[in-house]
Structure formats: C-alpha cells, structure tokens
Amino acid sequence: MKALVEHLATGGKLNTGELGELLQAATTDGALLQLLRNTAVRTARQQFGFGVYIRGLIELSSYCRRDCLYCGLRRSNRTAERYRLTADEVMECCKEGYALGFRTFVLQGGEDGTHTDKWLETLISRMRSQYPDVAITLSLGERSEESYRRLYEAGANRYLLRHEAADSTLYASLHPDSPSIEHRLRCIEALKRCGYQVGMGMMIGVKGQTINHIAQDLQLIAQYECEMVGIGPFLPHQATPLGGEPAGELNTTLAAVAIARIMLPHALIPSTTALATLTPTGRCEGILSGANVVMPNLSPQDVRAKYAIYENKASWGKEAAEGLAALEQELATIGYHIDYSRGDHKMYNTKE
Ligand code: 5AD
C-alpha cells in the first residue's frame, strides 16, 4: 500500500481498483492513513505554504425544485423554512464581507425557479462593478449552457457543481427527480467551456455508497482535472428519507480528501463545513489532510438556521464570517494562517 501512495505522489496514476484498495486499507490502518495525509499536506504546502484561503458563503435561497434524498432543502420537506434573499440583502452581505477582508463571494442556493438569468445577471453585474477585485463563485445547480454563459459574461468566475456520485445507479437512487449523472457531467463540461473554474465533489458515507464508489468518484475528479474539489461527510437530516442513517466516517473522509489533494496538487480544496460539523476538530483535520480553503458563512444571521441542508450545520463561531479572529486562532494552533488573497487556481487567467 505504501508503494501505491508513493506512486500517486510522484504523479503516477492508479486504476479504480487500486484506489479502492488504498481507501479501504487507509480506513483501518492508522499508519497508512497518516502516511496518506502527510503526503497530501506536503503536496499542499508546496503549492500554498501555510496559507488557507477564505470564501464568504452567501446562501441565496432555501427554495429548491429538486427532491434529493439526503438534503434538508428537498422540495418534499414541508417543515423546512423557506426564504429568498433580495439583491439588496446580497449586496449588504458583500459590503460586510469585503470589509472583513473576503475577496471571494460564493452565491449558493437551492434550484430556485425564480432565479431567472436576468435577475442573476443583474445581481452579478452589480457585485462585479462594486467589487472589481473579488472572485464571484456560483453554486446554483443545473442550468442551461446559455444560462451559465450569460452569468459568466456578467462577471462570475467559478462554479461549484458537485457531481455527487459517479456511479449512475447510485446517482439515480439519491436523486429521484434529477436527470442523470450523464446530464450532470454535461453541465460540468458546459461550465468548463464557458471558462469557469469548476468544482466537483461528493459526500462520504451516504446510503448505498461503497468504497469502490468513492474510488470511482476520485477517478472522475482526476479525469476532469477540476479546479476545486468539495468532499465532506454525509450528515443525516431527520426530515429526509435518510434521516435515520448514520453520518459518514471521519477517517474515510480524510483519506478521500488526501487522495484528491495528491492527485490534483493545484486544486482548491475546502475543509468543508460538514467536516467541521461532524467533529469539533474537523476543520483542522481537513487542513491536515491537504485541504487549503475554508468557507465561512456570510449570510444574514436571521436566515442561517433556515439553510439546513443537514441538521446542526455549523454557521457560527469559526464557521461565521464575523468569527474570522477565532478561525485565525484555530489555524494558528496547527501553524497555518488565513491568506486574504483571491486564491484563484494557478492555471486560471484572471479576468481584468
Ligand atoms: N450531508 C452532507 N452534505 C450534504 N449536502 C447536501 N445534503 C447533505 C447532507 N445531508 C452536500 C451536497 C451538496 C452540497 C451543497 O452539500 O453534496 O452538493
């Protein structure tokens, strides 16, 4: 197994079977997991030093037309409190975030049908003209290529669209009313054609997922050479069909993050909010597995609890934009610091 890690670390490729074996072994063999994580950390440090980029997360809307089995915002969850930010509220978040030092804003939301291209275009243009030096990231689900292009032209730079599951059967079982993994990948390809820096990723430990599925996910991520990779543990939400399922495992998540880092040395990889929610040390553990981004919550404080994709989602303290001092302190305990620059992918030519 050590030879497989060495092979990966020197730029070699593993087949999906080998990736699965490595993941499996790392979840039971503590020394191997440590080797994998140390290798990933070394790789990340060569690219980013001890800096961790921050992204201000603005949760645009909790309305969603989809019915994904795992997500608390699914359409069938009648108990979910729905809200939609106004453009002025978003601009207020940006103002606060910019003053705090954020140079990336992430507009994330459910697939809210009222978010027309026109409305989003106007909002993105306002953000772009008011804050010419920030990166604007979108995370708004599946849209048409035409729509992705218009939003890019309006000033967006990055797009997060986790592929969720490379295996078509698993994908279909989790997303009863979404088209298919093939369609999702067409969206990802369209985003690339438009010029976005694109993020993919998946949860670890969701119902029906095997180690081999995770190996397939990692293989797909490497194959697409995406600029960003989001990997976090599945966390149950009581008001969903998966409410009674156990949360994803910490070690498997850390192993997957580490492998993603080793396979894509330049990628921007968050230590996810889900990881920080799973366990108090999660954020640092993610960074000590090769992650180099944290995404504090910049949404208006009165809506944060309503954006519950899973329960007890961390959105305060170190996961809150106003808690940067606490985050800085926590990072310092492991020798890291916040890097306040935009943090684009190395291969990306920033627009003027
Ligand atoms: N647990 C963990 N992650 C979740 N996501 C959605 N629901 C959950 C959950 N219950 C993830 C999905 C989605 C991202 C925004 O959050 O992967 O793409």
# chains A, B, ... in the order shown; residues from 1 in each chain; ligands from 1
>>> select_by_dssp(residues="segment 168-329 of chain A", states="alpha helix (DSSP H)", output="ChimeraX atom specification")
/A:168-174,181-194,211-224,250-263,273-278,282-287,324-329
>>> residues_near_ligand(ligand="ligand 1", cutoff="9 Å", atoms="only C-alpha atoms and all ligand atoms", output="ChimeraX atom specification")
/A:68-73,108-110,139,141,160-164,200-204,206,230-237,240,242-243,247-248,273-275,308-311
>>> closest_atom_pairs(of="segment 77-149 of chain A", to="segment 322-338 of chain A", cutoff="10 Å", atoms="only C-alpha atoms", output="CSV")
residue,atom,partner,partner_atom,distance
A:Glu96,CA,A:Glu322,CA,9.0
A:Gly97,CA,A:Glu322,CA,8.6
A:Leu100,CA,A:Glu322,CA,7.6
A:Gly101,CA,A:Leu324,CA,9.5
>>> atom_distance(atom1="atom CA of Leu250 of chain A", atom2="atom CA of Gln209 of chain A")
15.0 Å
>>> residues_around(residues="Ala31 of chain A", least_positions_apart="5", cutoff="12 Å", atoms="only C-alpha atoms", output="PyMOL selection string")
chain A and resi 1-2+25-26+36-38+251+255
>>> write_last_selection(atoms="N, CA and C atoms", output="PDB file, in the first residue's frame")
ATOM      1  N   MET A   1       0.818  -1.210   0.000  1.00  0.00           N
ATOM      2  CA  MET A   1       0.000   0.000   0.000  1.00  0.00           C
ATOM      3  C   MET A   1       0.856   1.267   0.000  1.00  0.00           C
ATOM      4  N   LYS A   2       1.985   1.201   0.715  1.00  0.00           N
ATOM      5  CA  LYS A   2       2.880   2.355   0.744  1.00  0.00           C
ATOM      6  C   LYS A   2       3.371   2.696  -0.661  1.00  0.00           C
ATOM      7  N   ALA A  25      -7.845   0.233   2.888  1.00  0.00           N
ATOM      8  CA  ALA A  25      -6.745  -0.010   3.830  1.00  0.00           C
ATOM      9  C   ALA A  25      -6.553   1.197   4.756  1.00  0.00           C
ATOM     10  N   ALA A  26      -6.693   2.405   4.192  1.00  0.00           N
ATOM     11  CA  ALA A  26      -6.465   3.612   4.998  1.00  0.00           C
ATOM     12  C   ALA A  26      -7.519   3.800   6.082  1.00  0.00           C
ATOM     13  N   LEU A  36      -0.754   8.804   4.110  1.00  0.00           N
ATOM     14  CA  LEU A  36      -1.530   9.443   3.041  1.00  0.00           C
ATOM     15  C   LEU A  36      -1.737  10.927   3.360  1.00  0.00           C
ATOM     16  N   ARG A  37      -2.126  11.207   4.586  1.00  0.00           N
ATOM     17  CA  ARG A  37      -2.388  12.601   4.979  1.00  0.00           C
ATOM     18  C   ARG A  37      -1.103  13.426   4.968  1.00  0.00           C
ATOM     19  N   ASN A  38      -0.021  12.871   5.459  1.00  0.00           N
ATOM     20  CA  ASN A  38       1.246  13.609   5.456  1.00  0.00           C
ATOM     21  C   ASN A  38       1.700  13.919   4.031  1.00  0.00           C
ATOM     22  N   ASN A 251     -12.539   9.145   9.136  1.00  0.00           N
ATOM     23  CA  ASN A 251     -11.303   8.668   8.502  1.00  0.00           C
ATOM     24  C   ASN A 251     -11.433   8.452   6.998  1.00  0.00           C
ATOM     25  N   ALA A 255      -9.257  10.419   4.247  1.00  0.00           N
ATOM     26  CA  ALA A 255      -8.493   9.670   3.237  1.00  0.00           C
ATOM     27  C   ALA A 255      -8.865  10.150   1.832  1.00  0.00           C
TER      28      ALA A 255
END
>>> select_by_dssp(residues="segment 151-334 of chain A", states="strand (DSSP E)", output="PyMOL selection string")
chain A and resi 158-160+197-204+228-233+293-294
>>> write_last_selection(atoms="N, CA, C and O atoms", output="compact mmCIF listing (two decimals), in the first residue's frame")
# COMPACT_ATOMS: atom_id res chain seq x y z
N ARG A 158 -16.29 31.40 -11.06
CA ARG A 158 -16.16 30.00 -10.63
C ARG A 158 -17.55 29.40 -10.44
O ARG A 158 -18.51 30.14 -10.17
N TYR A 159 -17.65 28.08 -10.53
CA TYR A 159 -18.94 27.42 -10.32
C TYR A 159 -18.72 26.10 -9.60
O TYR A 159 -17.90 25.28 -10.03
N LEU A 160 -19.45 25.92 -8.51
CA LEU A 160 -19.38 24.65 -7.77
C LEU A 160 -20.59 23.80 -8.16
O LEU A 160 -21.73 24.23 -8.01
N GLN A 197 -13.78 28.35 -13.50
CA GLN A 197 -13.05 27.39 -12.68
C GLN A 197 -14.16 26.54 -12.05
O GLN A 197 -15.10 27.09 -11.47
N VAL A 198 -14.06 25.24 -12.20
CA VAL A 198 -15.18 24.38 -11.84
C VAL A 198 -14.85 23.48 -10.65
O VAL A 198 -13.74 22.95 -10.55
N GLY A 199 -15.83 23.33 -9.77
CA GLY A 199 -15.68 22.46 -8.61
C GLY A 199 -16.58 21.24 -8.70
O GLY A 199 -17.75 21.35 -9.09
N MET A 200 -16.02 20.08 -8.38
CA MET A 200 -16.80 18.83 -8.32
C MET A 200 -16.68 18.30 -6.90
O MET A 200 -16.04 18.90 -6.06
N GLY A 201 -17.29 17.15 -6.65
CA GLY A 201 -17.14 16.56 -5.32
C GLY A 201 -18.32 15.69 -4.93
O GLY A 201 -19.26 15.51 -5.71
N MET A 202 -18.25 15.15 -3.74
CA MET A 202 -19.29 14.23 -3.26
C MET A 202 -19.25 14.13 -1.75
O MET A 202 -18.31 14.59 -1.12
N MET A 203 -20.31 13.54 -1.22
CA MET A 203 -20.35 13.25 0.21
C MET A 203 -19.72 11.88 0.43
O MET A 203 -19.73 11.03 -0.45
N ILE A 204 -19.26 11.67 1.64
CA ILE A 204 -18.74 10.36 2.02
C ILE A 204 -19.71 9.71 2.99
O ILE A 204 -20.12 10.34 3.98
N MET A 228 -11.57 22.83 -8.37
CA MET A 228 -11.97 22.80 -6.96
C MET A 228 -12.60 21.43 -6.65
O MET A 228 -13.21 20.83 -7.53
N VAL A 229 -12.41 20.98 -5.43
CA VAL A 229 -12.96 19.67 -5.04
C VAL A 229 -13.57 19.76 -3.64
O VAL A 229 -12.86 20.04 -2.67
N GLY A 230 -14.88 19.54 -3.54
CA GLY A 230 -15.55 19.58 -2.24
C GLY A 230 -15.90 18.17 -1.79
O GLY A 230 -16.69 17.48 -2.45
N ILE A 231 -15.34 17.76 -0.67
CA ILE A 231 -15.63 16.42 -0.13
C ILE A 231 -15.93 16.56 1.36
O ILE A 231 -15.14 17.11 2.12
N GLY A 232 -17.11 16.08 1.77
CA GLY A 232 -17.46 16.15 3.19
C GLY A 232 -18.25 14.92 3.57
O GLY A 232 -18.74 14.20 2.70
N PRO A 233 -18.39 14.68 4.87
CA PRO A 233 -19.16 13.51 5.30
C PRO A 233 -20.66 13.75 5.10
O PRO A 233 -21.13 14.89 5.22
N VAL A 293 -8.76 25.55 1.92
CA VAL A 293 -9.79 26.58 1.82
C VAL A 293 -10.79 26.38 2.97
O VAL A 293 -11.07 25.25 3.34
N VAL A 294 -11.31 27.50 3.50
CA VAL A 294 -12.42 27.43 4.46
C VAL A 294 -13.49 28.40 3.95
O VAL A 294 -13.18 29.45 3.39
>>> residues_around(residues="Gly11 of chain A", least_positions_apart="3", cutoff="12 Å", atoms="only C-alpha atoms", output="ChimeraX atom specification")
/A:4-8,14,43,222,259,261-265
>>> atom_distance(atom1="atom CA of Glu59 of chain A", atom2="atom CA of Tyr83 of chain A")
9.7 Å
>>> atom_distance(atom1="atom CA of Glu121 of chain A", atom2="atom CA of Val90 of chain A")
13.4 Å
>>> residues_around(residues="His345 of chain A", least_positions_apart="6", cutoff="8 Å", atoms="only C-alpha atoms", output="CSV table (one decimal) with N, CA, C and O atoms, in the first residue's frame")
chain,number,residue,atom,x,y,z
A,197,GLN,N,-13.8,28.3,-13.5
A,197,GLN,CA,-13.1,27.4,-12.7
A,197,GLN,C,-14.2,26.5,-12.1
A,197,GLN,O,-15.1,27.1,-11.5
A,227,GLU,N,-10.9,22.4,-11.0
A,227,GLU,CA,-10.1,23.3,-10.2
A,227,GLU,C,-10.4,23.3,-8.7
A,227,GLU,O,-9.5,23.7,-7.9
A,266,HIS,N,-2.7,21.3,-7.5
A,266,HIS,CA,-3.1,22.7,-7.5
A,266,HIS,C,-4.5,23.0,-7.1
A,266,HIS,O,-4.9,24.1,-7.1
A,267,ALA,N,-5.3,21.9,-6.9
A,267,ALA,CA,-6.7,22.1,-6.7
A,267,ALA,C,-7.0,22.9,-5.4
A,267,ALA,O,-6.2,22.9,-4.5
A,268,LEU,N,-8.1,23.7,-5.5
A,268,LEU,CA,-8.6,24.4,-4.3
A,268,LEU,C,-9.6,23.5,-3.6
A,268,LEU,O,-10.6,23.1,-4.2
>>> closest_residue(among="A:Gly244, A:Arg186, A:Ser341, A:Asn297", to="Ala320 of chain A", atoms="only C-alpha atoms")
A:Asn297
>>> residues_around(residues="Tyr224 of chain A", least_positions_apart="4", cutoff="10 Å", atoms="only C-alpha atoms", output="VMD selection string")
chain A and resid 185 188 to 189 192 198 to 200 218 to 220
>>> residues_around(residues="Leu254 of chain A", least_positions_apart="4", cutoff="7 Å", atoms="only C-alpha atoms", output="list in words")
Leu250, Ala258, Gly286 and Ser289 of chain A
>>> write_last_selection(atoms="N, CA and C atoms", output="PDB file, in the first residue's frame")
ATOM      1  N   LEU A 250     -15.300   9.846   9.628  1.00  0.00           N
ATOM      2  CA  LEU A 250     -14.230  10.834   9.581  1.00  0.00           C
ATOM      3  C   LEU A 250     -13.022  10.326   8.790  1.00  0.00           C
ATOM      4  N   ALA A 258      -7.365  13.539   1.176  1.00  0.00           N
ATOM      5  CA  ALA A 258      -5.912  13.409   0.959  1.00  0.00           C
ATOM      6  C   ALA A 258      -5.611  12.883  -0.446  1.00  0.00           C
ATOM      7  N   GLY A 286      -9.141  18.450   8.315  1.00  0.00           N
ATOM      8  CA  GLY A 286      -9.239  18.574   6.867  1.00  0.00           C
ATOM      9  C   GLY A 286      -7.987  19.245   6.303  1.00  0.00           C
ATOM     10  N   SER A 289      -5.124  17.183   6.069  1.00  0.00           N
ATOM     11  CA  SER A 289      -5.264  16.115   5.072  1.00  0.00           C
ATOM     12  C   SER A 289      -5.114  16.697   3.678  1.00  0.00           C
TER      13      SER A 289
END
>>> closest_residue(among="A:His213, A:Arg45, A:Lys346, A:Arg66", to="Leu19 of chain A", atoms="only C-alpha atoms")
A:His213
>>> decode(residues="segment 162-196 of chain A", atoms="N, CA, C and O atoms", output="compact mmCIF listing (two decimals), in the first residue's frame")
# COMPACT_ATOMS: atom_id res chain seq x y z
N ARG A 162 -21.09 19.91 -7.46
CA ARG A 162 -20.62 18.57 -7.09
C ARG A 162 -21.27 17.53 -7.99
O ARG A 162 -22.47 17.64 -8.27
N HIS A 163 -20.49 16.55 -8.42
CA HIS A 163 -21.08 15.52 -9.28
C HIS A 163 -21.90 14.55 -8.44
O HIS A 163 -22.73 13.83 -8.95
N GLU A 164 -21.65 14.50 -7.14
CA GLU A 164 -22.40 13.72 -6.14
C GLU A 164 -22.18 12.21 -6.20
O GLU A 164 -22.03 11.60 -5.15
N ALA A 165 -22.18 11.61 -7.37
CA ALA A 165 -21.94 10.16 -7.47
C ALA A 165 -21.61 9.81 -8.92
O ALA A 165 -22.44 10.02 -9.80
N ALA A 166 -20.42 9.27 -9.13
CA ALA A 166 -20.01 8.89 -10.49
C ALA A 166 -20.81 7.69 -10.98
O ALA A 166 -21.06 7.55 -12.18
N ASP A 167 -21.20 6.83 -10.06
CA ASP A 167 -21.94 5.62 -10.44
C ASP A 167 -23.39 5.98 -10.77
O ASP A 167 -24.09 6.58 -9.95
N SER A 168 -23.84 5.61 -11.96
CA SER A 168 -25.15 6.08 -12.42
C SER A 168 -26.29 5.52 -11.57
O SER A 168 -27.29 6.21 -11.34
N THR A 169 -26.15 4.29 -11.08
CA THR A 169 -27.23 3.71 -10.27
C THR A 169 -27.31 4.41 -8.92
O THR A 169 -28.41 4.76 -8.45
N LEU A 170 -26.16 4.63 -8.31
CA LEU A 170 -26.16 5.35 -7.02
C LEU A 170 -26.69 6.77 -7.22
O LEU A 170 -27.52 7.25 -6.43
N TYR A 171 -26.25 7.42 -8.29
CA TYR A 171 -26.71 8.79 -8.56
C TYR A 171 -28.23 8.82 -8.66
O TYR A 171 -28.89 9.65 -8.04
N ALA A 172 -28.78 7.88 -9.43
CA ALA A 172 -30.24 7.85 -9.63
C ALA A 172 -30.97 7.56 -8.33
O ALA A 172 -32.03 8.14 -8.07
N SER A 173 -30.40 6.69 -7.48
CA SER A 173 -31.11 6.35 -6.25
C SER A 173 -31.15 7.54 -5.28
O SER A 173 -32.07 7.66 -4.48
N LEU A 174 -30.18 8.43 -5.36
CA LEU A 174 -30.14 9.58 -4.45
C LEU A 174 -30.91 10.78 -4.98
O LEU A 174 -31.30 11.66 -4.22
N HIS A 175 -31.08 10.80 -6.31
CA HIS A 175 -31.69 11.97 -6.95
C HIS A 175 -32.87 11.53 -7.81
O HIS A 175 -32.77 11.52 -9.03
N PRO A 176 -33.99 11.16 -7.16
CA PRO A 176 -35.10 10.55 -7.89
C PRO A 176 -35.63 11.40 -9.04
O PRO A 176 -36.10 10.87 -10.03
N ASP A 177 -35.56 12.71 -8.91
CA ASP A 177 -36.16 13.53 -9.96
C ASP A 177 -35.14 14.41 -10.70
O ASP A 177 -35.51 15.37 -11.36
N SER A 178 -33.86 14.08 -10.56
CA SER A 178 -32.86 14.80 -11.36
C SER A 178 -32.58 13.97 -12.59
O SER A 178 -32.73 12.75 -12.55
N PRO A 179 -32.15 14.60 -13.67
CA PRO A 179 -31.98 13.84 -14.91
C PRO A 179 -31.07 12.60 -14.77
O PRO A 179 -31.57 11.49 -14.82
N SER A 180 -29.76 12.78 -14.58
CA SER A 180 -28.85 11.64 -14.52
C SER A 180 -27.43 12.15 -14.30
O SER A 180 -27.17 13.34 -14.47
N ILE A 181 -26.52 11.24 -13.97
CA ILE A 181 -25.12 11.65 -13.83
C ILE A 181 -24.58 12.12 -15.18
O ILE A 181 -23.79 13.08 -15.23
N GLU A 182 -25.06 11.51 -16.26
CA GLU A 182 -24.60 11.95 -17.58
C GLU A 182 -24.96 13.42 -17.80
O GLU A 182 -24.16 14.21 -18.28
N HIS A 183 -26.19 13.76 -17.43
CA HIS A 183 -26.63 15.15 -17.60
C HIS A 183 -25.80 16.08 -16.71
O HIS A 183 -25.40 17.17 -17.13
N ARG A 184 -25.53 15.63 -15.49
CA ARG A 184 -24.73 16.45 -14.57
C ARG A 184 -23.34 16.70 -15.18
O ARG A 184 -22.81 17.79 -15.13
N LEU A 185 -22.76 15.65 -15.77
CA LEU A 185 -21.43 15.81 -16.36
C LEU A 185 -21.47 16.72 -17.59
O LEU A 185 -20.52 17.47 -17.84
N ARG A 186 -22.60 16.70 -18.32
CA ARG A 186 -22.74 17.63 -19.47
C ARG A 186 -22.73 19.06 -18.93
O ARG A 186 -22.15 19.96 -19.53
N CYS A 187 -23.39 19.27 -17.79
CA CYS A 187 -23.40 20.61 -17.17
C CYS A 187 -21.97 21.02 -16.80
O CYS A 187 -21.56 22.16 -17.04
N ILE A 188 -21.23 20.09 -16.21
CA ILE A 188 -19.86 20.39 -15.78
C ILE A 188 -18.99 20.74 -17.00
O ILE A 188 -18.21 21.68 -16.99
N GLU A 189 -19.21 19.99 -18.09
CA GLU A 189 -18.45 20.27 -19.31
C GLU A 189 -18.84 21.64 -19.89
O GLU A 189 -17.99 22.39 -20.38
N ALA A 190 -20.12 21.96 -19.81
CA ALA A 190 -20.58 23.27 -20.31
C ALA A 190 -19.93 24.39 -19.50
O ALA A 190 -19.48 25.40 -20.06
N LEU A 191 -19.85 24.21 -18.20
CA LEU A 191 -19.23 25.22 -17.34
C LEU A 191 -17.77 25.43 -17.72
O LEU A 191 -17.27 26.56 -17.78
N LYS A 192 -17.09 24.33 -18.01
CA LYS A 192 -15.68 24.44 -18.42
C LYS A 192 -15.57 25.21 -19.73
O LYS A 192 -14.70 26.07 -19.87
N ARG A 193 -16.45 24.88 -20.68
CA ARG A 193 -16.41 25.58 -21.98
C ARG A 193 -16.61 27.08 -21.81
O ARG A 193 -16.02 27.88 -22.51
N CYS A 194 -17.47 27.46 -20.85
CA CYS A 194 -17.72 28.89 -20.63
C CYS A 194 -16.50 29.59 -20.06
O CYS A 194 -16.39 30.82 -20.16
N GLY A 195 -15.61 28.85 -19.43
CA GLY A 195 -14.41 29.47 -18.86
C GLY A 195 -14.36 29.51 -17.34
O GLY A 195 -13.44 30.07 -16.77
N TYR A 196 -15.38 28.94 -16.71
CA TYR A 196 -15.38 28.91 -15.24
C TYR A 196 -14.26 28.03 -14.69
O TYR A 196 -13.89 27.03 -15.32
